[in-house]
$ cat query-v1.txt   # compact mmCIF, C-alpha atoms
# COMPACT_ATOMS: atom_id res chain seq x y z
CA MET Q 45 94.07 118.82 97.31
CA ARG Q 46 90.90 117.52 98.94
CA ALA Q 47 89.34 116.44 95.67
CA SER Q 48 92.47 114.60 94.57
CA ILE Q 49 92.74 112.68 97.87
CA ALA Q 50 89.07 111.74 97.84
CA LEU Q 51 89.32 110.69 94.19
CA LEU Q 52 92.34 108.52 94.89
CA VAL Q 53 90.61 106.75 97.76
CA ALA Q 54 87.48 106.19 95.70
CA LEU Q 55 89.45 104.79 92.77
CA THR Q 56 91.60 102.61 94.99
CA LEU Q 57 88.65 101.19 96.88
CA GLN Q 58 86.89 100.45 93.60
CA GLY Q 59 90.00 98.75 92.23
CA SER Q 60 90.28 101.20 89.35
CA LEU Q 61 93.75 102.41 90.25
CA VAL Q 62 96.90 100.60 89.24
CA GLN Q 63 96.37 96.96 90.15
CA ALA Q 64 99.95 96.47 91.26
CA GLN Q 65 100.55 97.13 94.92
CA ASP Q 66 103.35 99.55 94.12
CA CYS Q 67 101.96 102.95 93.25
CA ILE Q 68 105.03 104.90 94.27
CA GLN Q 69 106.04 105.92 90.76
CA GLU Q 70 102.54 107.07 89.83
CA THR Q 71 102.00 109.00 93.05
CA ALA Q 72 105.46 110.57 92.96
CA ASN Q 73 104.83 111.73 89.40
CA PHE Q 74 101.36 113.01 90.30
CA HIS Q 75 102.69 115.11 93.18
CA GLY Q 76 105.94 116.10 91.46
CA VAL Q 77 108.21 114.55 94.08
CA ASN Q 78 111.28 112.37 93.72
CA GLU Q 79 110.26 108.73 93.27
CA VAL Q 80 113.56 107.41 94.63
CA VAL Q 81 113.21 109.44 97.81
CA LEU Q 82 109.58 108.38 98.27
CA ARG Q 83 110.58 104.75 97.74
CA ALA Q 84 113.42 105.16 100.26
CA ILE Q 85 110.97 106.58 102.80
CA ALA Q 86 108.67 103.59 102.35
CA TRP Q 87 111.60 101.17 102.65
CA HIS Q 88 113.02 102.88 105.74
CA GLU Q 89 109.66 103.23 107.48
CA SER Q 90 108.14 99.78 106.84
CA ARG Q 91 110.35 97.75 104.52
CA MET Q 92 107.54 98.35 101.97
CA ASP Q 93 104.94 96.62 104.16
CA PRO Q 94 101.51 98.20 103.57
CA SER Q 95 100.09 96.60 106.71
CA ALA Q 96 102.72 98.11 109.02
CA VAL Q 97 101.47 99.84 112.16
CA GLY Q 98 104.03 101.40 114.45
CA ARG Q 99 103.15 102.19 118.04
CA ASN Q 100 105.35 104.86 119.55
CA SER Q 101 106.33 105.39 123.18
CA ASN Q 102 104.43 108.70 123.22
CA ASP Q 103 101.14 106.91 122.43
CA THR Q 104 101.10 107.99 118.79
CA VAL Q 105 100.69 105.59 115.88
CA ASP Q 106 102.28 105.42 112.42
CA VAL Q 107 100.17 103.64 109.79
CA GLY Q 108 100.82 102.07 106.40
CA ARG Q 109 103.74 101.64 104.07
CA VAL Q 110 105.04 105.18 104.53
CA GLN Q 111 104.06 105.21 108.21
CA THR Q 112 101.77 108.23 108.16
CA LYS Q 113 101.89 109.81 111.61
CA SER Q 114 98.71 109.93 113.69
CA MET Q 115 99.05 113.73 113.86
CA HIS Q 116 97.80 113.74 110.24
CA LEU Q 117 94.77 111.50 110.83
CA GLN Q 118 92.31 114.28 111.65
CA GLU Q 119 93.16 116.18 108.47
CA LEU Q 120 93.00 112.98 106.42
CA ALA Q 121 89.61 112.12 107.97
CA GLN Q 122 88.30 115.46 106.72
CA ASN Q 123 89.22 114.19 103.27
CA GLY Q 124 87.56 110.80 103.76
CA ILE Q 125 90.69 108.81 104.58
CA THR Q 126 90.68 106.58 107.65
CA PRO Q 127 93.60 104.73 109.23
CA GLN Q 128 92.21 101.57 107.60
CA HIS Q 129 92.58 103.19 104.17
CA LEU Q 130 96.26 103.81 104.90
CA LEU Q 131 96.79 100.05 105.07
CA ASP Q 132 96.21 99.97 101.30
CA ALA Q 133 99.62 100.33 99.64
CA CYS Q 134 98.42 102.78 96.99
CA VAL Q 135 96.58 105.01 99.45
CA SER Q 136 99.62 105.01 101.72
CA ASP Q 137 101.90 105.85 98.78
CA TYR Q 138 99.60 108.65 97.67
CA VAL Q 139 99.28 110.18 101.13
CA GLY Q 140 103.03 109.89 101.63
CA ALA Q 141 103.70 111.68 98.33
CA TRP Q 142 101.12 114.34 99.20
CA LEU Q 143 102.71 115.00 102.61
CA TYR Q 144 106.21 114.95 101.10
CA ALA Q 145 105.17 117.49 98.43
CA ARG Q 146 103.60 119.69 101.09
CA LYS Q 147 106.81 119.67 103.15
CA ILE Q 148 108.81 120.67 100.08
CA THR Q 149 106.41 123.56 99.43
CA GLU Q 150 106.59 124.69 103.08
CA ALA Q 151 110.40 124.57 103.01
CA ARG Q 152 110.46 126.85 99.95
CA LEU Q 153 108.30 129.52 101.61
$ encode --input "query-v1.txt" --output "structure tokens"
Amino acid sequence: MRASIALLVALTLQGSLVQAQDCIQETANFHGVNEVVLRAIAWHESRMDPSAVGRNSNDTVDVGRVQTKSMHLQELAQNGITPQHLLDACVSDYVGAWLYARKITEARL
């Protein structure tokens, strides 16, 4: 997983990934998750706004289009992803799909 996250960030930052700001289909396919559900998450969380930052009453923060919770930031930092990276639509989509896929795997165990 680490290599794929680092690769995505590198490609996104270099502009080599899909130029469109909607990478949901590609990231859903890559992680084997339902594109419609991932798109619904992004719509519900931010109305598809990649620059969304939600500040919660418990002093946590949700960042990016899929509103990645601050509880994941330490793990993401170990993979080279900062909160600033999550403001890129494709990085946010990718991280959201990665977390979604992980939850599905955990639920099956």
$ closest_residue --input "query-v1.txt" --among "Q:Ile85, Q:Cys67, Q:Leu143, Q:Ala72" --to "Val110 in chain Q" --atoms "only C-alpha atoms"
Q:Ile85
$ closest_residue --input "query-v1.txt" --among "Q:Ser136, Q:Leu120, Q:Asn100, Q:Ala141" --to "Glu79 in chain Q" --atoms "all atoms listed in the file"
Q:Ala141
$ residues_around --input "query-v1.txt" --residues "Asp106 in chain Q" --least-positions-apart "3" --cutoff "10 Å" --atoms "all atoms listed in the file" --output "ChimeraX atom specification"
/Q:89-90,96-100,109-117,127,130
$ closest_residue --input "query-v1.txt" --among "Q:Val105, Q:Val139, Q:Ile125, Q:Ala151" --to "Ile68 in chain Q" --atoms "all atoms listed in the file"
Q:Val139
$ closest_residue --input "query-v1.txt" --among "Q:Thr149, Q:Ala133, Q:Leu82, Q:Tyr144" --to "Pro94 in chain Q" --atoms "all atoms listed in the file"
Q:Ala133
$ residues_around --input "query-v1.txt" --residues "His75 in chain Q" --least-positions-apart "2" --cutoff "9 Å" --atoms "all atoms listed in the file" --output "list in words"
Glu70, Thr71, Ala72, Asn73, Val77, Tyr138, Ala141, Trp142, Tyr144 and Ala145 of chain Q
$ closest_residue --input "query-v1.txt" --among "Q:Ile148, Q:Gly108, Q:Asn123, Q:Gln118" --to "Arg91 in chain Q" --atoms "only C-alpha atoms"
Q:Gly108
$ decode --input "query-v1.txt" --residues "range 83-142 of chain Q" --atoms "C-alpha atoms" --output "PDB file, in the first residue's frame"
ATOM      1  CA  ARG Q  83     -18.759   9.465  -5.405  1.00  0.00           C
ATOM      2  CA  ALA Q  84     -21.644   9.628  -2.900  1.00  0.00           C
ATOM      3  CA  ILE Q  85     -19.161   9.918  -0.039  1.00  0.00           C
ATOM      4  CA  ALA Q  86     -17.407  12.818  -1.771  1.00  0.00           C
ATOM      5  CA  TRP Q  87     -20.736  14.520  -2.485  1.00  0.00           C
ATOM      6  CA  HIS Q  88     -22.037  14.047   1.053  1.00  0.00           C
ATOM      7  CA  GLU Q  89     -18.795  15.124   2.721  1.00  0.00           C
ATOM      8  CA  SER Q  90     -17.876  18.198   0.641  1.00  0.00           C
ATOM      9  CA  ARG Q  91     -20.256  18.582  -2.294  1.00  0.00           C
ATOM     10  CA  MET Q  92     -17.217  17.508  -4.381  1.00  0.00           C
ATOM     11  CA  ASP Q  93     -15.130  20.470  -3.191  1.00  0.00           C
ATOM     12  CA  PRO Q  94     -11.438  19.468  -3.102  1.00  0.00           C
ATOM     13  CA  SER Q  95     -10.545  22.499  -0.977  1.00  0.00           C
ATOM     14  CA  ALA Q  96     -13.008  21.633   1.797  1.00  0.00           C
ATOM     15  CA  VAL Q  97     -11.689  21.685   5.354  1.00  0.00           C
ATOM     16  CA  GLY Q  98     -14.075  20.780   8.137  1.00  0.00           C
ATOM     17  CA  ARG Q  99     -13.317  21.781  11.706  1.00  0.00           C
ATOM     18  CA  ASN Q 100     -15.100  19.635  14.252  1.00  0.00           C
ATOM     19  CA  SER Q 101     -16.215  20.520  17.767  1.00  0.00           C
ATOM     20  CA  ASN Q 102     -13.756  17.976  19.205  1.00  0.00           C
ATOM     21  CA  ASP Q 103     -10.789  19.856  17.661  1.00  0.00           C
ATOM     22  CA  THR Q 104     -10.311  17.364  14.843  1.00  0.00           C
ATOM     23  CA  VAL Q 105     -10.143  18.329  11.180  1.00  0.00           C
ATOM     24  CA  ASP Q 106     -11.494  16.708   8.008  1.00  0.00           C
ATOM     25  CA  VAL Q 107      -9.569  17.560   4.836  1.00  0.00           C
ATOM     26  CA  GLY Q 108     -10.259  17.384   1.108  1.00  0.00           C
ATOM     27  CA  ARG Q 109     -13.036  16.220  -1.132  1.00  0.00           C
ATOM     28  CA  VAL Q 110     -13.712  13.024   0.824  1.00  0.00           C
ATOM     29  CA  GLN Q 111     -12.997  14.757   4.144  1.00  0.00           C
ATOM     30  CA  THR Q 112     -10.201  12.505   5.360  1.00  0.00           C
ATOM     31  CA  LYS Q 113     -10.265  12.545   9.154  1.00  0.00           C
ATOM     32  CA  SER Q 114      -7.266  13.934  11.039  1.00  0.00           C
ATOM     33  CA  MET Q 115      -6.934  10.585  12.832  1.00  0.00           C
ATOM     34  CA  HIS Q 116      -5.452   9.274   9.545  1.00  0.00           C
ATOM     35  CA  LEU Q 117      -2.929  12.089   9.061  1.00  0.00           C
ATOM     36  CA  GLN Q 118      -0.069  10.443  10.961  1.00  0.00           C
ATOM     37  CA  GLU Q 119      -0.336   7.253   8.918  1.00  0.00           C
ATOM     38  CA  LEU Q 120      -0.622   9.248   5.696  1.00  0.00           C
ATOM     39  CA  ALA Q 121       2.443  11.315   6.667  1.00  0.00           C
ATOM     40  CA  GLN Q 122       4.421   8.075   6.958  1.00  0.00           C
ATOM     41  CA  ASN Q 123       3.525   7.556   3.308  1.00  0.00           C
ATOM     42  CA  GLY Q 124       4.509  11.081   2.268  1.00  0.00           C
ATOM     43  CA  ILE Q 125       1.022  12.596   2.205  1.00  0.00           C
ATOM     44  CA  THR Q 126       0.423  15.873   4.012  1.00  0.00           C
ATOM     45  CA  PRO Q 127      -2.886  17.618   4.694  1.00  0.00           C
ATOM     46  CA  GLN Q 128      -1.980  19.988   1.839  1.00  0.00           C
ATOM     47  CA  HIS Q 129      -1.814  17.031  -0.559  1.00  0.00           C
ATOM     48  CA  LEU Q 130      -5.361  16.082   0.433  1.00  0.00           C
ATOM     49  CA  LEU Q 131      -6.575  19.381  -1.026  1.00  0.00           C
ATOM     50  CA  ASP Q 132      -5.765  17.962  -4.471  1.00  0.00           C
ATOM     51  CA  ALA Q 133      -8.925  16.286  -5.765  1.00  0.00           C
ATOM     52  CA  CYS Q 134      -7.132  13.222  -7.119  1.00  0.00           C
ATOM     53  CA  VAL Q 135      -5.091  12.641  -3.972  1.00  0.00           C
ATOM     54  CA  SER Q 136      -8.228  13.023  -1.869  1.00  0.00           C
ATOM     55  CA  ASP Q 137     -10.118  10.591  -4.127  1.00  0.00           C
ATOM     56  CA  TYR Q 138      -7.280   8.087  -3.956  1.00  0.00           C
ATOM     57  CA  VAL Q 139      -6.925   8.269  -0.190  1.00  0.00           C
ATOM     58  CA  GLY Q 140     -10.691   8.014   0.198  1.00  0.00           C
ATOM     59  CA  ALA Q 141     -10.801   4.902  -1.994  1.00  0.00           C
ATOM     60  CA  TRP Q 142      -7.847   3.409  -0.111  1.00  0.00           C
TER      61      TRP Q 142
END
